[in-house]
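For reference, protein-v1.tsv is printed below; it contains TSV, C-alpha atoms.
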chain	number	residue	atom	x	y	z
E	1	MET	CA	9.53	-124.17	-141.78
E	2	ASP	CA	10.48	-125.70	-145.16
E	3	PHE	CA	11.79	-122.34	-146.31
E	4	LEU	CA	13.87	-121.84	-143.15
E	5	MET	CA	15.37	-125.35	-143.18
E	6	SER	CA	16.19	-125.13	-146.88
E	7	GLY	CA	17.99	-121.83	-146.35
E	8	VAL	CA	19.94	-123.10	-143.32
E	9	ALA	CA	21.06	-126.24	-145.17
E	10	ALA	CA	22.21	-124.16	-148.15
E	11	CYS	CA	24.21	-121.83	-145.88
E	12	GLY	CA	25.87	-124.76	-144.14
E	13	ALA	CA	27.11	-126.08	-147.48
E	14	CYS	CA	28.12	-122.61	-148.68
E	15	VAL	CA	30.66	-122.13	-145.88
E	16	PHE	CA	32.68	-125.09	-147.19
E	17	THR	CA	32.15	-124.57	-150.92
E	18	ASN	CA	32.74	-120.82	-151.20
E	19	PRO	CA	36.47	-121.32	-152.03
E	20	LEU	CA	35.41	-123.41	-155.02
E	21	GLU	CA	33.00	-120.66	-156.04
E	22	VAL	CA	35.85	-118.12	-155.91
E	23	VAL	CA	37.99	-120.35	-158.13
E	24	LYS	CA	35.09	-120.97	-160.53
E	25	THR	CA	34.32	-117.26	-160.84
E	26	ARG	CA	37.90	-116.32	-161.66
E	27	MET	CA	38.32	-119.13	-164.18
E	28	GLN	CA	35.12	-118.04	-165.91
E	29	LEU	CA	36.31	-114.44	-166.14
E	30	GLN	CA	39.78	-115.37	-167.37
E	31	GLY	CA	40.34	-114.40	-170.99
E	32	GLU	CA	37.09	-112.45	-171.29
E	33	LEU	CA	36.76	-110.90	-174.75
E	34	GLN	CA	40.28	-111.94	-175.71
E	35	ALA	CA	41.24	-114.43	-178.37
E	36	PRO	CA	42.92	-117.66	-177.22
E	37	GLY	CA	46.67	-117.28	-176.91
E	38	THR	CA	46.57	-113.48	-176.55
E	39	TYR	CA	46.28	-113.32	-172.75
E	40	GLN	CA	48.17	-114.69	-169.78
E	41	ARG	CA	46.52	-117.66	-168.10
E	42	HIS	CA	46.85	-117.01	-164.38
E	43	TYR	CA	44.74	-120.06	-163.54
E	44	ARG	CA	45.62	-123.17	-165.55
E	45	ASN	CA	43.27	-125.54	-163.72
E	46	VAL	CA	41.32	-125.90	-160.47
E	47	PHE	CA	44.29	-126.96	-158.34
E	48	HIS	CA	46.63	-124.35	-159.82
E	49	ALA	CA	43.97	-121.69	-159.17
E	50	PHE	CA	43.75	-122.67	-155.49
E	51	PHE	CA	47.53	-122.51	-155.16
E	52	THR	CA	47.85	-119.20	-157.02
E	53	ILE	CA	45.10	-117.44	-155.08
E	54	GLY	CA	46.43	-118.70	-151.75
E	55	LYS	CA	49.99	-117.68	-152.61
E	56	VAL	CA	49.33	-114.22	-154.06
E	57	ASP	CA	46.12	-113.05	-152.38
E	58	GLY	CA	46.47	-115.08	-149.18
E	59	LEU	CA	44.41	-117.98	-147.87
E	60	ALA	CA	41.69	-115.61	-146.63
E	61	ALA	CA	41.02	-114.63	-150.26
E	62	LEU	CA	39.58	-118.09	-150.88
E	63	GLN	CA	36.63	-117.01	-148.74
E	64	LYS	CA	36.03	-113.71	-150.53
E	65	GLY	CA	32.38	-112.86	-150.90
E	66	LEU	CA	31.33	-115.27	-148.15
E	67	GLY	CA	28.91	-112.76	-146.60
E	68	PRO	CA	26.81	-112.14	-149.72
E	69	ALA	CA	27.18	-115.81	-150.68
E	70	LEU	CA	25.56	-116.90	-147.41
E	71	LEU	CA	22.80	-114.32	-147.71
E	72	TYR	CA	22.13	-115.25	-151.34
E	73	GLN	CA	22.01	-118.99	-150.59
E	74	PHE	CA	19.64	-118.47	-147.68
E	75	LEU	CA	17.33	-116.23	-149.69
E	76	MET	CA	17.51	-118.00	-153.03
E	77	ASN	CA	17.43	-121.61	-151.86
E	78	GLY	CA	15.06	-120.91	-149.00
E	79	ILE	CA	12.55	-119.78	-151.60
E	80	ARG	CA	13.55	-122.28	-154.30
E	81	LEU	CA	13.77	-125.48	-152.28
E	82	GLY	CA	11.01	-124.46	-149.89
E	83	THR	CA	8.58	-123.77	-152.74
E	84	TYR	CA	9.53	-126.98	-154.54
E	85	GLY	CA	9.20	-128.95	-151.30
E	86	LEU	CA	5.69	-127.64	-150.77
E	87	ALA	CA	4.75	-128.59	-154.33
E	88	GLU	CA	6.16	-132.09	-153.80
E	89	SER	CA	4.50	-132.67	-150.44
E	90	GLY	CA	1.23	-131.38	-151.89
E	91	GLY	CA	1.30	-134.03	-154.60
E	92	TYR	CA	1.45	-131.55	-157.48
E	93	LEU	CA	4.49	-133.26	-159.02
E	94	ARG	CA	2.79	-136.64	-159.45
E	95	THR	CA	0.33	-137.93	-162.01
E	96	LYS	CA	-3.14	-139.27	-161.24
E	97	GLU	CA	-1.59	-142.72	-161.05
E	98	GLY	CA	0.76	-141.54	-158.32
E	99	THR	CA	3.96	-141.75	-160.39
E	100	HIS	CA	6.54	-138.97	-160.50
E	101	SER	CA	6.09	-136.54	-163.41
E	102	PRO	CA	9.43	-135.27	-164.81
E	103	VAL	CA	7.64	-132.52	-166.75
E	104	ARG	CA	5.85	-131.14	-163.70
E	105	SER	CA	9.01	-131.47	-161.65
E	106	ALA	CA	11.07	-129.56	-164.21
E	107	ALA	CA	8.43	-126.81	-164.50
E	108	ALA	CA	8.15	-126.44	-160.72
E	109	GLY	CA	11.93	-126.39	-160.37
E	110	ALA	CA	12.29	-123.71	-163.03
E	111	LEU	CA	9.55	-121.51	-161.55
E	112	ALA	CA	10.87	-121.84	-158.00
E	113	GLY	CA	14.41	-121.10	-159.19
E	114	VAL	CA	13.37	-117.96	-161.07
E	115	MET	CA	11.56	-116.57	-158.04
E	116	GLY	CA	14.51	-117.07	-155.72
E	117	ALA	CA	17.21	-115.99	-158.15
E	118	TYR	CA	15.50	-112.78	-159.25
E	119	LEU	CA	14.89	-111.61	-155.70
E	120	GLY	CA	18.47	-112.39	-154.75
E	121	SER	CA	20.07	-110.99	-157.91
E	122	PRO	CA	21.61	-107.85	-156.32
E	123	ILE	CA	23.32	-110.01	-153.70
E	124	TYR	CA	24.61	-112.40	-156.37
E	125	MET	CA	26.00	-109.51	-158.40
E	126	VAL	CA	27.93	-108.13	-155.43
E	127	LYS	CA	29.16	-111.64	-154.58
E	128	THR	CA	30.57	-111.96	-158.10
E	129	HIS	CA	32.28	-108.56	-157.85
E	130	LEU	CA	33.91	-109.42	-154.52
E	131	GLN	CA	35.05	-112.88	-155.60
E	132	ALA	CA	36.65	-111.46	-158.75
E	133	GLN	CA	38.70	-108.89	-156.81
E	134	ALA	CA	42.36	-109.88	-156.76
E	135	ALA	CA	45.90	-108.56	-156.66
E	136	SER	CA	46.84	-106.87	-159.94
E	137	GLU	CA	49.26	-109.63	-160.98
E	138	ILE	CA	46.51	-112.28	-161.03
E	139	ALA	CA	43.43	-110.12	-161.65
E	140	VAL	CA	40.89	-111.24	-164.25
E	141	GLY	CA	37.78	-109.42	-165.43
E	142	HIS	CA	36.76	-105.96	-164.28
E	143	GLN	CA	37.93	-104.99	-160.79
E	144	TYR	CA	35.30	-103.06	-158.80
E	145	LYS	CA	37.32	-102.44	-155.60
E	146	HIS	CA	34.36	-102.85	-153.26
E	147	GLN	CA	35.07	-102.74	-149.53
E	148	GLY	CA	32.22	-105.03	-148.55
E	149	MET	CA	28.67	-106.12	-149.32
E	150	PHE	CA	26.79	-103.22	-147.75
E	151	GLN	CA	29.16	-100.62	-149.15
E	152	ALA	CA	28.81	-102.15	-152.61
E	153	LEU	CA	25.00	-102.28	-152.48
E	154	THR	CA	24.85	-98.69	-151.22
E	155	GLU	CA	27.24	-97.39	-153.87
E	156	ILE	CA	25.49	-99.18	-156.74
E	157	GLY	CA	22.08	-98.05	-155.49
E	158	GLN	CA	23.16	-94.43	-155.20
E	159	LYS	CA	24.80	-94.33	-158.62
E	160	HIS	CA	22.36	-96.39	-160.66
E	161	GLY	CA	19.21	-96.83	-158.58
E	162	LEU	CA	17.10	-99.98	-158.37
E	163	VAL	CA	17.72	-100.71	-162.04
E	164	GLY	CA	21.44	-100.85	-161.36
E	165	LEU	CA	20.97	-103.24	-158.44
E	166	TRP	CA	19.14	-105.68	-160.68
E	167	ARG	CA	21.58	-105.29	-163.59
E	168	GLY	CA	22.17	-108.66	-165.21
E	169	ALA	CA	19.21	-110.28	-163.46
E	170	VAL	CA	17.31	-111.10	-166.64
E	171	GLY	CA	20.44	-112.38	-168.34
E	172	GLY	CA	21.10	-114.63	-165.35
E	173	LEU	CA	17.63	-116.23	-165.39
E	174	PRO	CA	18.42	-118.83	-168.12
E	175	ARG	CA	21.18	-120.15	-165.84
E	176	VAL	CA	18.70	-120.68	-163.02
E	177	VAL	CA	15.87	-122.00	-165.21
E	178	ILE	CA	18.12	-124.63	-166.78
E	179	GLY	CA	20.01	-125.42	-163.59
E	180	SER	CA	17.08	-125.57	-161.18
E	181	SER	CA	14.74	-127.53	-163.46
E	182	THR	CA	17.48	-130.03	-164.35
E	183	GLN	CA	18.62	-130.39	-160.76
E	184	LEU	CA	15.30	-130.84	-159.03
E	185	CYS	CA	13.86	-133.03	-161.78
E	186	THR	CA	16.81	-135.44	-161.89
E	187	PHE	CA	17.05	-135.45	-158.09
E	188	SER	CA	13.42	-136.48	-157.59
E	189	SER	CA	13.51	-139.03	-160.42
E	190	THR	CA	16.76	-140.60	-159.21
E	191	LYS	CA	15.52	-140.69	-155.62
E	192	ASP	CA	12.35	-142.51	-156.71
E	193	LEU	CA	14.34	-145.03	-158.75
E	194	LEU	CA	16.77	-145.75	-155.90
E	195	SER	CA	13.84	-146.30	-153.54
E	196	GLN	CA	12.18	-148.68	-156.00
E	197	TRP	CA	15.39	-150.63	-156.54
E	198	GLU	CA	15.94	-150.84	-152.74
E	199	ILE	CA	19.68	-150.26	-153.08
E	200	PHE	CA	19.75	-148.50	-149.70
E	201	PRO	CA	17.63	-149.06	-146.56
E	202	PRO	CA	14.23	-147.31	-146.64
E	203	GLN	CA	14.33	-143.63	-145.56
E	204	SER	CA	18.14	-143.70	-145.48
E	205	TRP	CA	19.98	-140.41	-145.98
E	206	LYS	CA	22.17	-142.28	-148.48
E	207	VAL	CA	19.27	-142.26	-150.96
E	208	ALA	CA	19.12	-138.46	-150.94
E	209	LEU	CA	22.91	-138.20	-151.07
E	210	ALA	CA	23.26	-140.50	-154.08
E	211	ALA	CA	20.39	-138.76	-155.90
E	212	ALA	CA	21.96	-135.36	-155.21
E	213	MET	CA	25.32	-136.47	-156.63
E	214	VAL	CA	23.65	-137.68	-159.82
E	215	SER	CA	21.68	-134.43	-160.16
E	216	GLY	CA	24.88	-132.45	-159.60
E	217	VAL	CA	26.55	-134.01	-162.63
E	218	ALA	CA	23.45	-133.34	-164.74
E	219	VAL	CA	23.39	-129.70	-163.63
E	220	VAL	CA	27.05	-129.15	-164.56
E	221	LEU	CA	26.53	-130.47	-168.07
E	222	ALA	CA	23.39	-128.41	-168.63
E	223	MET	CA	24.15	-125.16	-166.81
E	224	THR	CA	27.86	-124.36	-167.28
E	225	PRO	CA	27.55	-122.34	-170.55
E	226	PHE	CA	24.80	-120.21	-169.01
E	227	ASP	CA	26.80	-119.86	-165.81
E	228	VAL	CA	29.82	-118.49	-167.69
E	229	ALA	CA	27.65	-115.94	-169.51
E	230	SER	CA	25.88	-114.97	-166.26
E	231	THR	CA	29.14	-114.41	-164.37
E	232	ARG	CA	30.48	-112.16	-167.12
E	233	LEU	CA	27.22	-110.21	-167.37
E	234	TYR	CA	27.20	-109.47	-163.65
E	235	ASN	CA	30.88	-108.46	-163.60
E	236	GLN	CA	30.88	-106.17	-166.64
E	237	PRO	CA	31.83	-102.53	-166.00
E	238	THR	CA	29.02	-100.00	-166.18
E	239	ASP	CA	31.02	-97.25	-167.86
E	240	THR	CA	31.52	-98.95	-171.21
E	241	ARG	CA	29.24	-99.49	-174.18
E	242	GLY	CA	27.64	-102.83	-174.91
E	243	LYS	CA	27.09	-103.85	-171.29
E	244	VAL	CA	24.94	-106.82	-172.27
E	245	LEU	CA	27.12	-109.50	-173.82
E	246	SER	CA	25.28	-112.43	-175.33
E	247	ILE	CA	26.41	-116.03	-175.27
E	248	LEU	CA	26.84	-115.99	-179.03
E	249	GLU	CA	29.06	-112.89	-178.89
E	250	THR	CA	31.20	-114.45	-176.17
E	251	HIS	CA	31.67	-117.54	-178.30
E	252	ARG	CA	32.34	-115.55	-181.49
E	253	ILE	CA	34.96	-113.23	-180.02
E	254	GLN	CA	36.85	-115.84	-178.08
E	255	SER	CA	36.17	-119.01	-180.08
E	256	ILE	CA	36.07	-120.95	-176.82
E	257	LYS	CA	34.05	-123.81	-175.49
E	258	LEU	CA	31.80	-122.53	-172.74
E	259	HIS	CA	32.26	-125.80	-170.86
E	260	THR	CA	35.92	-125.07	-170.10
E	261	THR	CA	35.18	-124.42	-166.41
E	262	GLU	CA	33.33	-127.73	-165.97
E	263	PRO	CA	35.97	-129.30	-163.66
E	264	SER	CA	35.75	-126.50	-161.12
E	265	HIS	CA	31.95	-126.42	-161.39
E	266	LEU	CA	31.78	-130.19	-161.00
E	267	PHE	CA	33.94	-130.13	-157.86
E	268	TYR	CA	31.81	-127.30	-156.49
E	269	LEU	CA	28.47	-129.03	-157.02
E	270	ALA	CA	29.72	-132.46	-155.97
E	271	LYS	CA	31.02	-131.10	-152.67
E	272	VAL	CA	28.01	-128.89	-151.96
E	273	ASN	CA	25.64	-131.78	-152.70
E	274	SER	CA	27.39	-134.09	-150.28
E	275	LEU	CA	27.24	-131.41	-147.57
E	276	GLN	CA	23.78	-129.93	-147.99
E	277	VAL	CA	21.69	-133.09	-148.35
E	278	PRO	CA	22.73	-134.79	-145.09
E	279	THR	CA	22.39	-131.41	-143.35
E	280	GLY	CA	18.89	-130.99	-144.72
E	281	GLU	CA	17.96	-134.50	-143.67
E	282	MET	CA	19.16	-133.95	-140.10
E	283	LEU	CA	17.29	-130.64	-139.88
E	284	GLY	CA	14.12	-132.34	-141.04
E	285	GLU	CA	14.16	-130.62	-144.43
E	286	TRP	CA	12.58	-132.28	-147.45
E	287	GLY	CA	15.92	-133.60	-148.66
E	288	GLY	CA	16.48	-131.30	-151.60
E	289	PRO	CA	19.77	-131.21	-153.47
E	290	THR	CA	22.39	-128.58	-153.94
E	291	THR	CA	22.81	-124.84	-154.03
E	292	LEU	CA	23.00	-122.93	-157.29
Could you write out this structure as structure tokens?
Amino acid sequence: MDFLMSGVAACGACVFTNPLEVVKTRMQLQGELQAPGTYQRHYRNVFHAFFTIGKVDGLAALQKGLGPALLYQFLMNGIRLGTYGLAESGGYLRTKEGTHSPVRSAAAGALAGVMGAYLGSPIYMVKTHLQAQAASEIAVGHQYKHQGMFQALTEIGQKHGLVGLWRGAVGGLPRVVIGSSTQLCTFSSTKDLLSQWEIFPPQSWKVALAAAMVSGVAVVLAMTPFDVASTRLYNQPTDTRGKVLSILETHRIQSIKLHTTEPSHLFYLAKVNSLQVPTGEMLGEWGGPTTL
């Protein structure tokens, strides 16, 4: 039941936050492998990106990739949060004295995140492809021209086999290891502290909400560089040499700060945290934080 409730809560948040994910994906792909000042900036900031996408591609484009996004969140977070919830309820994240162990929490979060993310990697790759698709005048990154999730999975599988479906999965794991361990560790620690300080009434959903907002900020600061690299790895064309682009090469070629998409990522995680946690509480879920 923990796995089901975790997946449902993640999907509920995803419906509202997918437009932010579309914006984040396009901002991360903008200027790929081009030196600063040598390319046109279609998306100057989060708000300008929303306006530009809505104006050129239409408002419906802000929900591109919603199908695979929902499936990925259900699969990935059902496994990730469900597994972590079982570890927490089983007492594996506490010391012999009964206090919360940040080390155990981080390790459990990382392991649970890797399991969910690797299994859902083909869906995440297709989601990235669909969200990057845009009209030619505002297109960034490689354009795959998929017609939908199932068509994309079928085409990739036929052309490249199982290996092609899991392309970029290993390169995307650091994103999940850093993000999931940071998120779940800071969430549990903050939740314990808020309960000890008695800032909110006992068992109040406000405790989980406040802890999730704090963990969201921590995740953005820790995960954004890996998220940029992961998005570009998944979206790279398969017919060119050097398909695997490392973080160091990205930084060397572009001389950019990999935290340049932090505002859009921060808005995304802040909103998804505030939506998923109360949903999880009402569904009887363990009260885990956000989607990744």
**OP:** May I have the residues within 8 Å of E:Gly7 as an MDAnalysis selection string, using all atoms listed in the file and disregarding those fewer than 2 positions away in the same chain?
**Re:** chainID E and resid 3:5 9:11 73:79
Original post:
Using all atoms listed in the file, which of the listed residues (E:Gln34, E:Gln28, E:Ser89, E:Ser101) sits closest to E:Cys185?
Top reply: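 Among the listed residues, the smallest separation from E:Cys185 belongs to E:Ser101.
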Sorted by chain and rising residue number, list the residues of stretch 102-144 of chain E at most 10 Å from stretch 222-234 of chain E (counting all atoms listed in the file), each with its closest atom pair and distance in Å to one decimal, as CSV.
residue,atom,partner,partner_atom,distance
E:Ser121,CA,E:Tyr234,CA,9.3
E:Pro122,CA,E:Tyr234,CA,9.4
E:Tyr124,CA,E:Tyr234,CA,8.3
E:Met125,CA,E:Tyr234,CA,5.4
E:Val126,CA,E:Tyr234,CA,8.4
E:Lys127,CA,E:Tyr234,CA,9.5
E:Thr128,CA,E:Thr231,CA,6.9
E:His129,CA,E:Tyr234,CA,7.8
E:Ala132,CA,E:Thr231,CA,9.8
E:Gly141,CA,E:Arg232,CA,8.0
E:His142,CA,E:Arg232,CA,9.3
Can you spit out the residues from that selection as a tab-separated table (two decimals), keeping the file's coordinate frame, using C-alpha atoms?
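Writing done, so here's out_32.tsv:
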chain	number	residue	atom	x	y	z
E	121	SER	CA	20.07	-110.99	-157.91
E	122	PRO	CA	21.61	-107.85	-156.32
E	124	TYR	CA	24.61	-112.40	-156.37
E	125	MET	CA	26.00	-109.51	-158.40
E	126	VAL	CA	27.93	-108.13	-155.43
E	127	LYS	CA	29.16	-111.64	-154.58
E	128	THR	CA	30.57	-111.96	-158.10
E	129	HIS	CA	32.28	-108.56	-157.85
E	132	ALA	CA	36.65	-111.46	-158.75
E	141	GLY	CA	37.78	-109.42	-165.43
E	142	HIS	CA	36.76	-105.96	-164.28
Can you tell me, as AutoDock Vina command-line options, the centre and edge lengths (Å, one decimal) of the axis-aligned box enclosing all of stretch 16-26 of chain E's listed atoms after padding each side by 4 Å?
--center_x 35.1 --center_y -120.7 --center_z -154.4 --size_x 13.8 --size_y 16.8 --size_z 22.5
Original post:
Hey, which of E:Tyr84, E:Trp197, E:Trp205, E:Tyr39 ends up closest to E:Ser180? Count only C-alpha atoms.
Top reply: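 With only C-alpha atoms as the atom set, the closest residue is E:Tyr84.
Shortest separation to E:Gly67 among E:Leu20, E:Leu130, E:Leu119, E:Ala107 occurs at residue E:Leu130, atoms counted being only C-alpha atoms.
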Original post:
Which neighbours of E:Asp57 fall inside 10 Å, counting only C-alpha atoms, when residues of the same chain fewer than 4 positions from it are skipped, and could you give them as a PyMOL selection string?
Top reply: chain E and resi 51-53+61-62+133-138
**OP:** Rank nothing, just name the residue among E:Leu59, E:Ser195, E:Val140, E:Ala13 nearest to E:Gln30, using all atoms listed in the file.
**Re:**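 Closest to E:Gln30, using all atoms listed in the file: E:Val140.
Across the model, the gap from atom CA of E:Gln158 to atom CA of E:Ala139 is 26.4 Å.
Interatomic distance, atom CA of E:Gly179 to atom CA of E:Ala117: 11.2 Å.
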Subject >> Using all atoms listed in the file: which of E:Glu32, E:Asp192, E:Thr186, E:Gly161 has the shortest distance to E:Met213 >> reply: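 Result for the nearest residue to E:Met213: E:Thr186.
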